[in-house]
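Next up, target_25.cif (mmCIF, C-alpha atoms, pLDDT in the B column; chains and numbers go by the auth columns):
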data_entry
loop_
_atom_site.group_PDB
_atom_site.id
_atom_site.type_symbol
_atom_site.label_atom_id
_atom_site.label_comp_id
_atom_site.label_asym_id
_atom_site.label_seq_id
_atom_site.Cartn_x
_atom_site.Cartn_y
_atom_site.Cartn_z
_atom_site.B_iso_or_equiv
_atom_site.auth_seq_id
_atom_site.auth_asym_id
ATOM 1 C CA MET A 1 179.799 112.350 27.661 53.00 116 A
ATOM 2 C CA ASP A 2 180.257 116.067 27.380 52.00 117 A
ATOM 3 C CA PHE A 3 180.683 117.225 23.793 53.00 118 A
ATOM 4 C CA SER A 4 180.827 120.940 24.568 54.00 119 A
ATOM 5 C CA ALA A 5 184.601 121.016 24.119 52.00 120 A
ATOM 6 C CA VAL A 6 184.357 119.218 20.777 50.00 121 A
ATOM 7 C CA SER A 7 181.873 121.636 19.161 51.00 122 A
ATOM 8 C CA ASP A 8 184.552 124.135 18.067 52.00 123 A
ATOM 9 C CA THR A 9 186.686 121.643 16.152 52.00 124 A
ATOM 10 C CA ALA A 10 187.107 121.380 12.404 55.00 125 A
ATOM 11 C CA TYR A 11 184.618 118.494 12.267 52.00 126 A
ATOM 12 C CA SER A 12 181.349 120.315 11.864 53.00 127 A
ATOM 13 C CA ALA A 13 177.977 119.301 10.463 60.00 128 A
ATOM 14 C CA ASN A 14 177.736 122.614 8.600 63.00 129 A
ATOM 15 C CA ARG A 15 178.585 122.425 4.912 58.00 130 A
ATOM 16 C CA SER A 16 180.563 125.188 3.284 60.00 131 A
ATOM 17 C CA TYR A 17 179.476 124.240 -0.255 54.00 132 A
ATOM 18 C CA PRO A 18 175.982 124.323 -1.786 56.00 133 A
ATOM 19 C CA ILE A 19 174.318 120.985 -2.504 54.00 134 A
ATOM 20 C CA PHE A 20 171.451 121.593 -4.925 52.00 135 A
ATOM 21 C CA ASN A 21 170.401 124.742 -3.060 56.00 136 A
ATOM 22 C CA GLN A 22 170.837 122.832 0.208 57.00 137 A
ATOM 23 C CA ASN A 23 167.364 121.320 0.083 61.00 138 A
ATOM 24 C CA GLY A 24 168.498 117.718 -0.189 69.00 139 A
ATOM 25 C CA TRP A 25 166.215 116.691 -3.063 73.00 140 A
ATOM 26 C CA ALA A 26 168.957 114.684 -4.750 74.00 141 A
ATOM 27 C CA ARG A 27 169.365 112.477 -1.685 76.00 142 A
ATOM 28 C CA SER A 28 165.606 111.925 -1.582 78.00 143 A
ATOM 29 C CA LEU A 29 165.571 110.929 -5.245 83.00 144 A
ATOM 30 C CA HIS A 30 168.474 108.568 -4.654 84.00 145 A
ATOM 31 C CA PHE A 31 166.667 106.691 -1.890 86.00 146 A
ATOM 32 C CA LEU A 32 163.400 106.716 -3.857 88.00 147 A
ATOM 33 C CA ALA A 33 165.180 105.050 -6.778 91.00 148 A
ATOM 34 C CA ALA A 34 166.687 102.522 -4.381 93.00 149 A
ATOM 35 C CA TRP A 35 163.210 101.594 -3.116 93.00 150 A
ATOM 36 C CA PHE A 36 162.028 101.069 -6.711 95.00 151 A
ATOM 37 C CA LEU A 37 164.932 98.687 -7.257 96.00 152 A
ATOM 38 C CA VAL A 38 164.244 96.834 -3.999 97.00 153 A
ATOM 39 C CA ILE A 39 160.564 96.387 -4.866 97.00 154 A
ATOM 40 C CA ALA A 40 161.394 95.254 -8.403 97.00 155 A
ATOM 41 C CA GLY A 41 163.912 92.754 -7.019 96.00 156 A
ATOM 42 C CA LEU A 42 161.369 91.364 -4.567 97.00 157 A
ATOM 43 C CA ILE A 43 158.818 90.940 -7.357 97.00 158 A
ATOM 44 C CA TYR A 44 161.450 89.135 -9.440 94.00 159 A
ATOM 45 C CA VAL A 45 162.371 86.762 -6.609 93.00 160 A
ATOM 46 C CA LEU A 46 158.753 86.054 -5.697 95.00 161 A
ATOM 47 C CA ALA A 47 157.842 85.408 -9.335 95.00 162 A
ATOM 48 C CA GLY A 48 160.744 82.966 -9.606 91.00 163 A
ATOM 49 C CA VAL A 49 159.687 81.133 -6.450 91.00 164 A
ATOM 50 C CA PHE A 50 155.975 80.910 -7.295 94.00 165 A
ATOM 51 C CA SER A 51 156.515 79.938 -10.941 94.00 166 A
ATOM 52 C CA GLY A 52 158.829 77.096 -9.925 90.00 167 A
ATOM 53 C CA HIS A 53 161.840 78.443 -11.803 89.00 168 A
ATOM 54 C CA ALA A 54 163.904 78.636 -8.609 84.00 169 A
ATOM 55 C CA ARG A 55 163.163 75.034 -7.743 85.00 170 A
ATOM 56 C CA GLN A 56 163.754 73.708 -11.285 87.00 171 A
ATOM 57 C CA SER A 57 166.832 75.684 -12.270 86.00 172 A
ATOM 58 C CA LEU A 58 168.614 76.809 -9.129 82.00 173 A
ATOM 59 C CA LEU A 59 168.271 74.026 -6.573 81.00 174 A
ATOM 60 C CA PRO A 60 170.346 70.870 -7.090 83.00 175 A
ATOM 61 C CA LYS A 61 168.529 67.685 -8.039 81.00 176 A
ATOM 62 C CA GLY A 62 168.786 64.415 -6.111 79.00 177 A
ATOM 63 C CA GLY A 63 171.318 62.820 -8.485 80.00 178 A
ATOM 64 C CA ASP A 64 173.612 65.833 -8.475 80.00 179 A
ATOM 65 C CA PHE A 65 175.070 64.923 -5.088 79.00 180 A
ATOM 66 C CA SER A 66 176.442 61.507 -6.091 74.00 181 A
#
Let's see the structure in the file written out as structure tokens.
Amino acid sequence: MDFSAVSDTAYSANRSYPIFNQNGWARSLHFLAAWFLVIAGLIYVLAGVFSGHARQSLLPKGGDFS
């Protein structure tokens, strides 16, 4: 596809407003915080699986189906 004709449209990648001095540090902090939450969630799930809490409290028992 040839995008040369589309380059002069109103849809541009250039921003006309400053975002934190245009260095993008806020976006980096956002994704860094998301990784902390993902890692904490994985630790929580793994601790629940290895301690047996998931099996005891979350999975149905044999008599629950009747």
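For the pair atom CA of A:Lys176 and atom CA of A:Leu161, the interatomic distance is 20.9 Å.
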Atomic distance atom CA of A:Ser143 - atom CA of A:Ala162, expressed in Å with one decimal: 28.7 Å
Atom CA of A:Pro175 to atom CA of A:Ile154, straight-line distance in Å: 27.4 Å
